[in-house]
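Novice: You'll find final-v1.cif just under this line, and it carries mmCIF, C-alpha atoms.
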data_upload
#
loop_
_atom_site.label_atom_id
_atom_site.label_comp_id
_atom_site.auth_asym_id
_atom_site.auth_seq_id
_atom_site.Cartn_x
_atom_site.Cartn_y
_atom_site.Cartn_z
CA MET A 1 -23.71 -67.50 94.78
CA LEU A 2 -24.51 -66.12 91.39
CA SER A 3 -22.91 -62.80 92.22
CA SER A 4 -19.65 -64.36 93.29
CA THR A 5 -19.57 -66.53 90.18
CA ALA A 6 -20.18 -63.48 87.92
CA THR A 7 -17.49 -61.54 89.73
CA THR A 8 -15.05 -64.39 89.28
CA MET A 9 -15.86 -64.66 85.56
CA LEU A 10 -15.46 -60.94 85.01
CA ARG A 11 -12.11 -60.93 86.77
CA ALA A 12 -10.97 -63.85 84.70
CA GLY A 13 -12.03 -62.05 81.48
CA VAL A 14 -10.20 -58.88 82.50
CA SER A 15 -7.06 -60.80 83.27
CA ARG A 16 -7.26 -62.62 79.93
CA SER A 17 -7.87 -59.42 78.04
CA SER A 18 -5.02 -57.68 79.80
CA GLY A 19 -2.81 -60.62 79.09
CA ALA A 20 -3.69 -60.46 75.38
CA LEU A 21 -3.25 -56.69 75.25
CA GLN A 22 0.27 -56.72 76.69
CA PRO A 23 1.85 -58.69 73.80
CA MET A 24 -0.06 -56.49 71.35
CA LEU A 25 1.47 -53.36 72.91
CA LEU A 26 4.87 -54.97 72.87
CA ARG A 27 4.53 -55.85 69.19
CA SER A 28 3.34 -52.36 68.33
CA ALA A 29 6.20 -50.84 70.32
CA ALA A 30 8.73 -53.05 68.58
CA CYS A 31 7.39 -52.26 65.09
CA PRO A 32 9.06 -49.18 63.74
CA CYS A 33 6.07 -48.32 61.55
CA SER A 34 3.60 -48.43 64.42
CA PRO A 35 2.39 -45.16 65.92
CA PHE A 36 3.15 -46.64 69.36
CA SER A 37 6.79 -47.31 68.53
CA MET A 38 9.27 -45.73 70.90
CA ASN A 39 12.09 -45.90 68.39
CA THR A 40 10.27 -43.78 65.83
CA LYS A 41 12.32 -40.72 64.94
CA LEU A 42 10.95 -37.40 63.80
CA GLN A 43 11.19 -36.91 60.08
CA GLN A 44 13.68 -34.33 59.01
CA PRO A 45 12.17 -31.39 57.12
CA THR A 46 12.80 -31.63 53.41
CA SER A 47 14.80 -28.88 51.75
CA VAL A 48 12.59 -26.15 50.34
CA ARG A 49 13.33 -25.29 46.71
CA PRO A 50 13.72 -21.53 46.27
CA LEU A 51 11.16 -19.78 44.14
CA SER A 52 12.19 -18.90 40.60
CA THR A 53 12.58 -15.18 39.97
CA THR A 54 12.36 -15.48 36.17
CA PRO A 55 8.84 -14.81 34.86
CA SER A 56 7.06 -17.53 32.98
CA ALA A 57 6.17 -17.45 29.29
CA LEU A 58 2.57 -16.54 30.12
CA VAL A 59 3.68 -13.55 32.17
CA LEU A 60 6.03 -12.40 29.42
CA ARG A 61 3.29 -12.68 26.83
CA PHE A 62 0.91 -10.69 29.04
CA ARG A 63 3.52 -7.94 29.51
CA ALA A 64 4.19 -7.79 25.77
CA GLN A 65 0.46 -7.41 25.09
CA GLN A 66 0.25 -4.62 27.65
CA GLN A 67 3.20 -2.78 26.09
CA ALA A 68 1.69 -3.13 22.62
CA GLN A 69 -1.63 -1.76 23.85
CA THR A 70 0.14 1.16 25.55
CA GLN A 71 2.09 2.01 22.40
CA ALA A 72 -1.06 1.83 20.28
CA GLN A 73 -2.85 4.19 22.67
CA GLN A 74 0.06 6.63 22.56
CA GLN A 75 0.06 6.58 18.76
CA LEU A 76 -3.67 7.23 18.73
CA ARG A 77 -3.22 10.18 21.07
CA ARG A 78 -0.46 11.61 18.88
CA ALA A 79 -2.54 11.13 15.75
CA SER A 80 -5.55 12.81 17.34
CA SER A 81 -3.46 15.72 18.62
CA SER A 82 -1.76 16.15 15.25
CA SER A 83 -5.09 15.98 13.42
CA THR A 84 -6.64 18.66 15.61
CA ARG A 85 -3.64 20.98 15.19
CA PRO A 86 -3.45 22.69 11.76
CA ARG A 87 -0.26 21.79 9.92
CA SER A 88 1.57 23.83 7.33
CA ASP A 89 2.52 22.73 3.83
CA ALA A 90 6.16 22.31 4.90
CA GLU A 91 5.20 19.87 7.65
CA LEU A 92 2.98 17.93 5.26
CA ASP A 93 5.82 17.75 2.73
CA ALA A 94 8.24 16.57 5.42
CA ASN A 95 5.84 13.86 6.58
CA ALA A 96 5.24 12.76 2.99
CA ALA A 97 8.99 12.62 2.37
CA GLU A 98 9.53 10.51 5.48
CA ALA A 99 6.75 8.13 4.44
CA ALA A 100 8.22 7.84 0.95
CA ALA A 101 11.66 7.17 2.42
CA ALA A 102 10.26 4.43 4.65
CA ALA A 103 8.49 2.83 1.69
CA GLN A 104 11.62 3.12 -0.46
CA SER A 105 13.84 1.54 2.19
CA ALA A 106 11.35 -1.29 2.63
CA ALA A 107 11.22 -1.88 -1.13
CA HIS A 108 15.01 -1.87 -1.49
CA ALA A 109 15.98 -3.72 1.68
CA GLY A 110 18.80 -5.61 -0.01
CA GLU A 111 20.65 -2.49 -1.20
CA PRO A 112 23.44 -0.87 0.85
CA VAL A 113 22.18 1.74 3.29
CA LEU A 114 22.96 5.34 2.42
CA ASP A 115 23.51 7.50 5.50
CA TRP A 116 23.40 11.29 5.56
CA ASN A 117 27.16 11.85 5.62
CA THR A 118 27.61 9.65 2.54
CA PHE A 119 24.69 11.45 0.90
CA PHE A 120 26.30 14.84 1.38
CA LYS A 121 29.64 13.54 0.06
CA LEU A 122 28.00 12.10 -3.04
CA ARG A 123 26.04 15.30 -3.49
CA LYS A 124 29.25 17.33 -3.41
CA THR A 125 30.89 14.93 -5.86
CA ARG A 126 27.92 15.21 -8.22
CA ARG A 127 28.10 18.98 -8.11
CA ARG A 128 31.78 18.90 -8.98
CA VAL A 129 31.14 16.49 -11.85
CA GLN A 130 28.40 18.76 -13.17
CA LEU A 131 30.69 21.78 -12.92
CA ALA A 132 33.47 19.95 -14.74
CA PHE A 133 31.14 18.94 -17.56
CA SER A 134 29.82 22.50 -17.76
CA VAL A 135 33.34 23.79 -18.31
CA ILE A 136 34.12 21.05 -20.81
CA MET A 137 30.91 21.56 -22.76
CA THR A 138 31.45 25.35 -22.76
CA LEU A 139 34.88 24.93 -24.33
CA VAL A 140 33.65 22.34 -26.82
CA THR A 141 30.61 24.27 -27.99
CA SER A 142 32.54 27.55 -28.13
CA GLY A 143 35.25 25.97 -30.24
CA VAL A 144 32.84 24.20 -32.54
CA GLY A 145 30.64 27.29 -32.90
CA GLY A 146 33.61 29.55 -33.62
CA ALA A 147 34.97 27.11 -36.20
CA VAL A 148 31.59 26.89 -37.92
CA LEU A 149 31.11 30.65 -37.93
CA SER A 150 34.58 31.23 -39.32
CA THR A 151 33.72 29.27 -42.44
CA GLY A 152 31.21 31.92 -43.49
CA VAL A 153 28.11 29.78 -43.08
CA ALA A 154 26.34 32.46 -41.05
CA ASP A 155 27.47 35.50 -43.08
CA SER A 156 23.88 36.39 -43.97
CA LEU A 157 22.95 36.34 -40.30
CA VAL A 158 26.06 38.30 -39.30
CA SER A 159 25.28 40.98 -41.82
CA GLN A 160 21.87 41.55 -40.24
CA VAL A 161 23.39 42.35 -36.83
CA PRO A 162 24.01 46.12 -36.52
CA LEU A 163 27.54 45.56 -35.22
CA GLU A 164 30.97 44.87 -36.58
CA PRO A 165 31.30 41.35 -38.00
CA MET A 166 33.96 40.44 -35.43
CA PHE A 167 31.72 41.53 -32.54
CA ALA A 168 28.76 39.68 -34.05
CA ILE A 169 30.78 36.48 -34.48
CA GLY A 170 32.10 36.88 -30.92
CA LEU A 171 28.55 37.20 -29.53
CA MET A 172 27.42 34.12 -31.44
CA THR A 173 30.41 32.16 -30.18
CA ALA A 174 29.60 33.25 -26.61
CA SER A 175 26.02 32.12 -27.10
CA PHE A 176 27.29 28.68 -28.17
CA GLY A 177 29.42 28.61 -25.03
CA ALA A 178 26.41 29.50 -22.86
CA LEU A 179 24.47 26.70 -24.46
CA GLY A 180 27.29 24.29 -23.61
CA TRP A 181 27.36 25.57 -20.01
CA LEU A 182 23.65 24.75 -19.69
CA MET A 183 24.17 21.31 -21.21
CA GLY A 184 26.89 20.45 -18.69
CA PRO A 185 24.78 19.72 -15.53
CA PRO A 186 22.42 17.20 -17.16
CA ILE A 187 25.29 15.36 -18.81
CA GLY A 188 27.27 15.39 -15.56
CA ALA A 189 24.26 14.03 -13.66
CA MET A 190 23.89 11.22 -16.18
CA VAL A 191 27.55 10.29 -15.83
CA PHE A 192 27.36 10.46 -12.03
CA ASN A 193 24.26 8.23 -11.94
CA ALA A 194 25.98 5.72 -14.21
CA LEU A 195 29.01 5.60 -11.90
CA HIS A 196 26.93 5.37 -8.69
CA SER A 197 23.94 3.39 -9.91
CA LYS A 198 23.57 1.46 -6.63
CA TYR A 199 22.76 4.70 -4.77
CA ARG A 200 20.54 6.22 -7.43
CA SER A 201 17.13 5.51 -5.84
CA GLN A 202 18.34 6.27 -2.33
CA MET A 203 19.92 9.53 -3.50
CA ALA A 204 16.57 10.64 -4.92
CA THR A 205 14.79 9.71 -1.68
CA LYS A 206 17.36 11.45 0.51
CA GLU A 207 17.26 14.52 -1.69
CA SER A 208 13.48 14.79 -1.37
CA GLN A 209 13.80 14.43 2.41
CA PHE A 210 16.55 17.03 2.52
CA PHE A 211 14.59 19.64 0.56
CA ALA A 212 11.47 18.90 2.61
CA ARG A 213 13.44 19.65 5.79
CA ILE A 214 14.89 22.79 4.26
CA LYS A 215 11.42 23.96 3.34
CA LYS A 216 10.14 23.16 6.83
CA HIS A 217 12.86 24.88 8.86
CA ARG A 218 13.90 27.84 6.71
CA VAL A 219 12.90 31.34 7.74
CA ASP A 220 10.40 33.71 6.20
CA PRO A 221 12.33 35.84 3.69
CA SER A 222 9.81 38.68 3.91
CA ALA A 223 11.26 39.66 7.31
CA SER A 224 14.81 40.11 5.96
CA SER A 225 16.65 43.40 5.86
CA MET A 226 20.08 44.78 5.08
CA GLY A 227 21.22 44.14 8.66
CA ASN A 228 19.54 40.74 8.85
CA PRO A 229 19.83 38.88 5.50
CA VAL A 230 18.35 35.47 4.88
CA PRO A 231 20.96 32.78 5.74
CA ASP A 232 21.18 30.37 2.76
CA PHE A 233 17.50 30.16 1.85
CA TYR A 234 17.86 27.08 -0.39
CA GLY A 235 20.50 25.27 1.69
CA GLU A 236 23.00 25.20 -1.18
CA LYS A 237 26.00 25.63 1.11
CA ILE A 238 25.19 22.59 3.24
CA SER A 239 27.74 19.87 2.56
CA SER A 240 27.66 17.76 5.75
CA VAL A 241 25.57 16.95 8.81
CA ALA A 242 27.54 19.53 10.82
CA GLY A 243 26.81 22.09 8.10
CA TYR A 244 23.09 21.30 8.34
CA ARG A 245 23.16 21.81 12.11
CA GLN A 246 24.96 25.11 11.62
CA TRP A 247 22.31 26.07 9.08
CA LEU A 248 19.59 25.37 11.68
CA LYS A 249 21.44 27.57 14.18
CA ASP A 250 21.61 30.38 11.60
CA GLN A 251 17.86 30.10 11.02
CA ARG A 252 17.17 30.35 14.76
CA ALA A 253 19.54 33.29 15.05
CA PHE A 254 17.69 35.04 12.22
CA ASN A 255 14.33 34.53 13.92
CA LYS A 256 15.71 35.69 17.27
CA LYS A 257 17.21 38.78 15.68
CA ARG A 258 13.94 39.51 13.94
CA THR A 259 11.85 39.21 17.10
CA THR A 260 14.22 41.01 19.48
CA PHE A 261 15.27 43.74 16.99
CA VAL A 262 18.95 43.33 17.86
#
Would you mind writing the file's structure down as structure tokens?

Specialist:
Amino acid sequence: MLSSTATTMLRAGVSRSSGALQPMLLRSAACPCSPFSMNTKLQQPTSVRPLSTTPSALVLRFRAQQQAQTQAQQQLRRASSSSTRPRSDAELDANAAEAAAAAQSAAHAGEPVLDWNTFFKLRKTRRRVQLAFSVIMTLVTSGVGGAVLSTGVADSLVSQVPLEPMFAIGLMTASFGALGWLMGPPIGAMVFNALHSKYRSQMATKESQFFARIKKHRVDPSASSMGNPVPDFYGEKISSVAGYRQWLKDQRAFNKKRTTFV
């Protein structure tokens, strides 16, 4: 009797529980947010944003630090190699001239830049001005000296010269002219510097660099001969950048001719 009653109660509980579970499943199936919903659709994959190819600021800073370290190491290697190798006086003068030029350009940053072609043109113009003033001063001093000597002021001095008075006066007049010729270049340089005052400091710097390069690259004159003369030892004929390159070629040709005995 007890067993049949228990069986009946259990069956009744199962039926009640199944009856309560069926509406629950129906509600969960009808709810679109329920995991048991049959109408739930698969979510579409979101669009993937492409990766940026431009490096970030941190990466750029790291690369700049690496480049700076590499350049510093290269400069240290060059300095160590140059310090171990003995350098001549010409190389030392050239390096000193370059350092002075860098310091001068940094000190006069606001002034107009003087390139090498303009430097050679101004140098040629200065030479012509000096030559013109030499001629002018020669004529002036010769005329003034001849006029003074013709007055008889230097008769006592003329009488002491063991020559004819005309020859003695002529020699004195020529000496006045030579003095005027020597006075011409300084006066011409002063006039040129006054006319081109904005390039005065840069002209001096470029000139020191130019002579330092001439001293560095010119040949040894002790190896010259009649068949192989020294090509423009002081670089006086250089009047342009092309002329300087031609001068370098002449120096190399001289050295090649000296070594090969051609």

Novice: Using only C-alpha atoms, which residue out of A:Ser142, A:Ser201, A:Gln69, A:Gln74 lies closest to Leu179 in chain A?

Specialist: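 Nearest candidate to Leu179 in chain A out of A:Ser142, A:Ser201, A:Gln69, A:Gln74: A:Ser142.
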
Novice: Could you jot down the CA of Val144 in chain A to CA of Pro162 in chain A separation for me, Å, one decimal place?

Specialist: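 Rounded to one decimal, the two atoms are 24.0 Å apart.
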
Novice: Counting only C-alpha atoms, what is within 9 Å of range 119-125 of chain A, bar same-chain residues fewer than 6 positions away, as a list in words?

Specialist: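 That gives Phe192, His196, Gln202, Met203, Lys206, Glu207, Ile238, Ser239, Ser240 and Val241 of chain A.
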
Novice: Evaluate the PyMOL selection byres ((chain A and resi 249-257) around 10) on the structure here and hand back the selected residues as an NGL selection string.

Specialist: :A and (217-220 or 223-224 or 227-233 or 243-248 or 258-262)

Novice: Contacts of Met172 in chain A at 10 Å or less, counting only C-alpha atoms, minus same-chain residues fewer than 6 places along, as a list in words?

Specialist: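 Counting only the stated atoms, we get Ser142, Gly145, Gly146, Leu149, Ala154, Val158, Met166 and Ala178 of chain A.
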
Novice: Return the single residue from A:Val153, A:Leu114, A:Ser222, A:Arg213 that is closest to Tyr234 in chain A, with distances computed using all atoms listed in the file.

Specialist: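 Checking each of A:Val153, A:Leu114, A:Ser222, A:Arg213 against Tyr234 in chain A, counting all atoms listed in the file, the winner is A:Arg213.
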
Novice: For the file shown, what are the residues hit by the PyMOL selection byres ((chain A and resi 130) around 10), laid out as a compact mmCIF listing (two decimals) with C-alpha atoms, in the frame of the given file?

Specialist:
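Okay, expr-v7.txt is ready:
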# COMPACT_ATOMS: atom_id res chain seq x y z
CA LYS A 124 29.25 17.33 -3.41
CA THR A 125 30.89 14.93 -5.86
CA ARG A 126 27.92 15.21 -8.22
CA ARG A 127 28.10 18.98 -8.11
CA ARG A 128 31.78 18.90 -8.98
CA VAL A 129 31.14 16.49 -11.85
CA LEU A 131 30.69 21.78 -12.92
CA ALA A 132 33.47 19.95 -14.74
CA PHE A 133 31.14 18.94 -17.56
CA SER A 134 29.82 22.50 -17.76
CA VAL A 135 33.34 23.79 -18.31
CA ILE A 136 34.12 21.05 -20.81
CA TRP A 181 27.36 25.57 -20.01
CA MET A 183 24.17 21.31 -21.21
CA GLY A 184 26.89 20.45 -18.69
CA PRO A 185 24.78 19.72 -15.53
CA PRO A 186 22.42 17.20 -17.16
CA ILE A 187 25.29 15.36 -18.81
CA GLY A 188 27.27 15.39 -15.56
CA ALA A 189 24.26 14.03 -13.66
CA MET A 190 23.89 11.22 -16.18
CA VAL A 191 27.55 10.29 -15.83
CA PHE A 192 27.36 10.46 -12.03

Novice: When you draw a straight line from CA of Phe167 in chain A to CA of Leu182 in chain A, how long is it in Å?

Specialist: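 Atom-to-atom, CA of Phe167 in chain A to CA of Leu182 in chain A, that is 22.6 Å.
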
Novice: Suppose you want the space between CA of Thr118 in chain A and CA of Ala242 in chain A; what is it in Å?

Specialist: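 Between these atoms lies a distance of 12.9 Å.
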